[in-house]
Each structure stands twice: as C-alpha cells, then as structure tokens.
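Undergrad: Below is one structure. I have some questions about it.
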Amino acid sequence: AVGFVLGGQPVVAQAPFKYREYSLQSRVASVVTISHGRATDGKTLHERPALIQELEWRAPYVGSGTESADPVREVMFGFYDDQLYEVVVIYDRERMEGLTSDAVIESISATYGVPLLRHGRTLPGAASPDVKADAKVLAQWEDSAALLTLTRSTYSPQFQLVLISKALHTQ
C-alpha cells in the first residue's frame with residue numbers, strides 16, 4: 001500500500017528560484033544583455049578579497065497620459081565574483097496603487113508557490129539581511145538555494161521583492 005501511494009505521486013523537481021529571466025548565479029554580461037543595459041552602468045563596490053559589483057536597471061520613462069503595464073520601477077542586481085547573488089525589485093508606488101498586500105502575495109505565489117511565512121510573522125534566522133529597517137516583511141518563499149522576501153515600506157505603500165542566493169550571499 002505504501003508503494004502504491006508513494007509510487008502514484010509524480011515526482012516534480014521544482015525549478016530554482018529566479019526573477020523573470022534573471023537566474024541567480026548568472027554572469028554580469030548575461031544580466032546586462034537581458035536587461036538591455038550597458039556594462040558601464042555597473043559599479044564596483046569592492047575588489048578584494050572578492051569582486052562585488054552592482055548593476056541598476058530603471059524602468060524607461062513613460063510620457064504623461066500613457067500607462068506602463070509593468071509595475072517595476074527599478075531593479076538592483078548584486079554580483080559576487082561575476083555571479084548574480086541578489087536581485088532587489090522596487091515596484092512603482094503609483095502603478096501598484098489599490099493593490100492589497102494579499103493580492104500581491106497571491107500574485108507572487110502563482111510563480112513561487114505557497115509562502116513559508118505570511119503577514120509579518122518571523123521565522124528564526126529567516127529574515128533577509130537586505131530588508132530595509134523601515135519595511136514590514138509580508139511573505140517569504142524559500143528553497144534550498146534561495147530566499148525570496150516581499151516587503152512593504154511602513155512610511156509609503158511601496159512593495160519590494162528581494163531574491164538572494166543563500167550560498168553566495170553568505171560569502
């Protein structure tokens with residue numbers, strides 16, 4: 001009976017966390033290509049003992065009277081020795097206006113599954129080190145390699161999504 005129950009369940013390997021086309025551990029050149037940026041847009045924050053770089057992407061200007069469907073205002077990419085270890089997505093406050101925290105969590109859950117924690121509860125040692133002090137953790141998703149945290153600023157209704165590689169972030 002145990003073999004029948006376990007054998008009848010399909011084994012589905014969950015794909016590693018990524019944000020849109022950006023996969024953790026990607027090279028700087030790959031992220032620049034996908035974002036249609038320039039390598040010169042990156043900044044070197046630290047060179048030794050490891051190369052720490054940052055690349056910022058901002059949404060293109062949208063003229064007045066036109067609506068942009070994409071709610072992302074900017075994305076910060078962090079690299080450790082030419083490997084993407086962090087993606088910080090800041091959503092435009094005006095484009096997200098009217099959305100509740102529950103609606104945003106549901107939308108993200110469609111891609112990443114059921115969150116491990118929801119609505120400000122904390123798991124010991126699970127908070128992302130990149131969550132701003134003025135932000136409330138709304139939900140977190142986790143797999144063996146990555147941690148994804150959704151926050152909302154306490155001073156302005158702005159959502160932020162932080163995806164980190166556990167292995168590279170600790171280095």
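Here's how to read the names in the structure tokens: chain A, B, ... by the order shown, residue numbers from 1 in each chain, ligand numbers from 1 in the order shown.
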Please identify all polymer residues within 7 Å of segment 75-82 of chain A, counting only C-alpha atoms, omitting same-chain residues fewer than 5 positions from it, and present them as a ChimeraX atom specification.
TA: /A:27-28,50-58,87-90,168
Undergrad: Write the residues you've just listed into a file as a PDB file, in the first residue's frame, and include N, CA, C and O atoms for each of them.
TA:
```
ATOM      1  N   ARG A  27      26.052  35.470 -14.906  1.00  0.00           N
ATOM      2  CA  ARG A  27      27.192  36.377 -15.047  1.00  0.00           C
ATOM      3  C   ARG A  27      26.700  37.798 -15.319  1.00  0.00           C
ATOM      4  O   ARG A  27      25.585  37.994 -15.799  1.00  0.00           O
ATOM      5  N   VAL A  28      27.547  38.774 -15.029  1.00  0.00           N
ATOM      6  CA  VAL A  28      27.210  40.173 -15.256  1.00  0.00           C
ATOM      7  C   VAL A  28      26.808  40.392 -16.713  1.00  0.00           C
ATOM      8  O   VAL A  28      25.789  41.025 -17.008  1.00  0.00           O
ATOM      9  N   ALA A  50      37.112  39.620  -2.713  1.00  0.00           N
ATOM     10  CA  ALA A  50      36.203  39.199  -3.779  1.00  0.00           C
ATOM     11  C   ALA A  50      35.692  40.432  -4.504  1.00  0.00           C
ATOM     12  O   ALA A  50      35.589  41.518  -3.918  1.00  0.00           O
ATOM     13  N   LEU A  51      35.354  40.268  -5.761  1.00  0.00           N
ATOM     14  CA  LEU A  51      34.822  41.355  -6.559  1.00  0.00           C
ATOM     15  C   LEU A  51      33.323  41.464  -6.305  1.00  0.00           C
ATOM     16  O   LEU A  51      32.573  40.521  -6.569  1.00  0.00           O
ATOM     17  N   ILE A  52      32.896  42.597  -5.763  1.00  0.00           N
ATOM     18  CA  ILE A  52      31.481  42.851  -5.503  1.00  0.00           C
ATOM     19  C   ILE A  52      31.052  43.975  -6.442  1.00  0.00           C
ATOM     20  O   ILE A  52      31.625  45.065  -6.432  1.00  0.00           O
ATOM     21  N   GLN A  53      30.042  43.682  -7.278  1.00  0.00           N
ATOM     22  CA  GLN A  53      29.560  44.662  -8.243  1.00  0.00           C
ATOM     23  C   GLN A  53      28.052  44.845  -8.096  1.00  0.00           C
ATOM     24  O   GLN A  53      27.348  43.956  -7.601  1.00  0.00           O
ATOM     25  N   GLU A  54      27.588  45.984  -8.572  1.00  0.00           N
ATOM     26  CA  GLU A  54      26.171  46.296  -8.528  1.00  0.00           C
ATOM     27  C   GLU A  54      25.765  46.880  -9.876  1.00  0.00           C
ATOM     28  O   GLU A  54      26.499  47.676 -10.463  1.00  0.00           O
ATOM     29  N   LEU A  55      24.617  46.477 -10.361  1.00  0.00           N
ATOM     30  CA  LEU A  55      24.078  46.980 -11.617  1.00  0.00           C
ATOM     31  C   LEU A  55      22.651  47.422 -11.338  1.00  0.00           C
ATOM     32  O   LEU A  55      21.869  46.672 -10.736  1.00  0.00           O
ATOM     33  N   GLU A  56      22.309  48.621 -11.769  1.00  0.00           N
ATOM     34  CA  GLU A  56      20.976  49.152 -11.535  1.00  0.00           C
ATOM     35  C   GLU A  56      20.235  49.268 -12.862  1.00  0.00           C
ATOM     36  O   GLU A  56      20.781  49.749 -13.847  1.00  0.00           O
ATOM     37  N   TRP A  57      18.990  48.819 -12.868  1.00  0.00           N
ATOM     38  CA  TRP A  57      18.126  48.969 -14.025  1.00  0.00           C
ATOM     39  C   TRP A  57      16.930  49.791 -13.602  1.00  0.00           C
ATOM     40  O   TRP A  57      16.338  49.544 -12.556  1.00  0.00           O
ATOM     41  N   ARG A  58      16.581  50.782 -14.388  1.00  0.00           N
ATOM     42  CA  ARG A  58      15.394  51.602 -14.116  1.00  0.00           C
ATOM     43  C   ARG A  58      14.426  51.472 -15.278  1.00  0.00           C
ATOM     44  O   ARG A  58      14.838  51.381 -16.430  1.00  0.00           O
ATOM     45  N   VAL A  87      18.867  40.045  -6.173  1.00  0.00           N
ATOM     46  CA  VAL A  87      18.016  40.848  -7.039  1.00  0.00           C
ATOM     47  C   VAL A  87      17.046  41.583  -6.120  1.00  0.00           C
ATOM     48  O   VAL A  87      16.312  40.953  -5.358  1.00  0.00           O
ATOM     49  N   VAL A  88      17.071  42.916  -6.174  1.00  0.00           N
ATOM     50  CA  VAL A  88      16.170  43.733  -5.368  1.00  0.00           C
ATOM     51  C   VAL A  88      15.257  44.480  -6.331  1.00  0.00           C
ATOM     52  O   VAL A  88      15.718  45.311  -7.114  1.00  0.00           O
ATOM     53  N   VAL A  89      13.964  44.159  -6.277  1.00  0.00           N
ATOM     54  CA  VAL A  89      12.976  44.744  -7.177  1.00  0.00           C
ATOM     55  C   VAL A  89      12.141  45.742  -6.386  1.00  0.00           C
ATOM     56  O   VAL A  89      11.551  45.393  -5.363  1.00  0.00           O
ATOM     57  N   ILE A  90      12.093  46.974  -6.875  1.00  0.00           N
ATOM     58  CA  ILE A  90      11.288  48.011  -6.236  1.00  0.00           C
ATOM     59  C   ILE A  90      10.146  48.342  -7.191  1.00  0.00           C
ATOM     60  O   ILE A  90      10.374  48.702  -8.348  1.00  0.00           O
ATOM     61  N   LEU A 168      25.903  32.312  -2.059  1.00  0.00           N
ATOM     62  CA  LEU A 168      26.727  33.465  -2.439  1.00  0.00           C
ATOM     63  C   LEU A 168      26.550  34.630  -1.483  1.00  0.00           C
ATOM     64  O   LEU A 168      27.487  35.382  -1.240  1.00  0.00           O
TER      65      LEU A 168
END
```
Undergrad: Just the strand (DSSP E or B) stuff from segment 132-162 of chain A, please, per backbone DSSP, written as a ChimeraX atom specification.
TA: /A:135-142,146-153,159-162
Undergrad: Filtering to N, CA and C atoms, could you give me those residues as a short mmCIF file (atom, residue, chain, number, x, y, z; two decimals), in the first residue's frame?
TA:
```cif
data_model
loop_
_atom_site.label_atom_id
_atom_site.label_comp_id
_atom_site.auth_asym_id
_atom_site.auth_seq_id
_atom_site.Cartn_x
_atom_site.Cartn_y
_atom_site.Cartn_z
N ALA A 135 10.81 48.52 6.70
CA ALA A 135 9.90 47.69 5.92
C ALA A 135 9.34 46.55 6.77
N LYS A 136 8.11 46.19 6.47
CA LYS A 136 7.47 45.06 7.12
C LYS A 136 7.54 43.87 6.17
N VAL A 137 7.99 42.74 6.67
CA VAL A 137 8.03 41.53 5.86
C VAL A 137 6.60 41.02 5.73
N LEU A 138 6.14 40.92 4.47
CA LEU A 138 4.78 40.45 4.21
C LEU A 138 4.74 38.95 3.98
N ALA A 139 5.75 38.43 3.29
CA ALA A 139 5.78 37.00 2.98
C ALA A 139 7.19 36.60 2.58
N GLN A 140 7.51 35.32 2.77
CA GLN A 140 8.79 34.78 2.34
C GLN A 140 8.59 33.42 1.69
N TRP A 141 9.39 33.17 0.67
CA TRP A 141 9.43 31.90 -0.01
C TRP A 141 10.87 31.43 0.07
N GLU A 142 11.07 30.13 0.14
CA GLU A 142 12.43 29.63 0.29
C GLU A 142 12.57 28.27 -0.37
N ALA A 146 17.80 29.48 -2.33
CA ALA A 146 17.45 30.89 -2.38
C ALA A 146 16.38 31.27 -1.36
N LEU A 147 16.32 32.57 -1.08
CA LEU A 147 15.31 33.14 -0.19
C LEU A 147 14.70 34.33 -0.91
N LEU A 148 13.38 34.37 -0.97
CA LEU A 148 12.65 35.45 -1.61
C LEU A 148 11.78 36.12 -0.55
N THR A 149 11.91 37.44 -0.42
CA THR A 149 11.19 38.17 0.63
C THR A 149 10.41 39.32 0.01
N LEU A 150 9.13 39.39 0.32
CA LEU A 150 8.28 40.51 -0.10
C LEU A 150 8.09 41.42 1.10
N THR A 151 8.37 42.71 0.90
CA THR A 151 8.20 43.68 1.97
C THR A 151 7.35 44.85 1.48
N ARG A 152 6.91 45.62 2.43
CA ARG A 152 6.20 46.87 2.14
C ARG A 152 6.68 47.90 3.13
N SER A 153 7.04 49.05 2.61
CA SER A 153 7.55 50.12 3.45
C SER A 153 6.47 50.58 4.43
N PHE A 159 6.05 48.38 -2.44
CA PHE A 159 6.45 46.99 -2.32
C PHE A 159 7.87 46.79 -2.82
N GLN A 160 8.55 45.86 -2.19
CA GLN A 160 9.91 45.50 -2.60
C GLN A 160 10.03 43.98 -2.52
N LEU A 161 10.70 43.40 -3.51
CA LEU A 161 10.93 41.97 -3.55
C LEU A 161 12.43 41.75 -3.57
N VAL A 162 12.94 40.94 -2.65
CA VAL A 162 14.37 40.67 -2.55
C VAL A 162 14.60 39.18 -2.73
#
```
Undergrad: Find, counting only C-alpha atoms, the residue in A:Gln83, A:Gln158, A:Gln171, A:Ser109 that gets nearest to Ser30 of chain A.
TA: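 Closest to Ser30 of chain A, using only C-alpha atoms: A:Gln83.
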Undergrad: Excluding Thr170 of chain A and residues on its chain fewer than 4 positions from it, collect all residues at most 10 Å away from it, counting only C-alpha atoms, and give them as JSON, numbers by chain.
TA: {"A": [85, 129, 164, 165, 166]}
Undergrad: Check segment 25-66 of chain A with DSSP on the backbone and list each residue it calls helix (DSSP H, G or I), as a VMD selection string.
TA: chain A and resid 28 to 35 39 to 41
Undergrad: One decimal, Å: what's the distance from atom CA of Asp143 of chain A over to atom CA of Leu84 of chain A, could you say?
TA: 16.8 Å
Undergrad: I'd like the contact shell of Tyr19 of chain A - 9 Å cut-off, only C-alpha atoms, skipping same-chain residues fewer than 3 positions apart - returned as JSON, numbers by chain.
TA: {"A": [22, 23, 24, 87, 163]}
Undergrad: Selection from above, C-alpha atoms, as a tab-separated table (two decimals), in the first residue's frame, can you write it?
TA:
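The file below, part03.tsv, is the result:
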```tsv
chain	number	residue	atom	x	y	z
A	22	TYR	CA	17.23	36.55	-14.31
A	23	SER	CA	18.69	33.43	-12.72
A	24	LEU	CA	20.80	33.52	-9.60
A	87	VAL	CA	18.02	40.85	-7.04
A	163	LEU	CA	15.77	37.45	-4.02
```
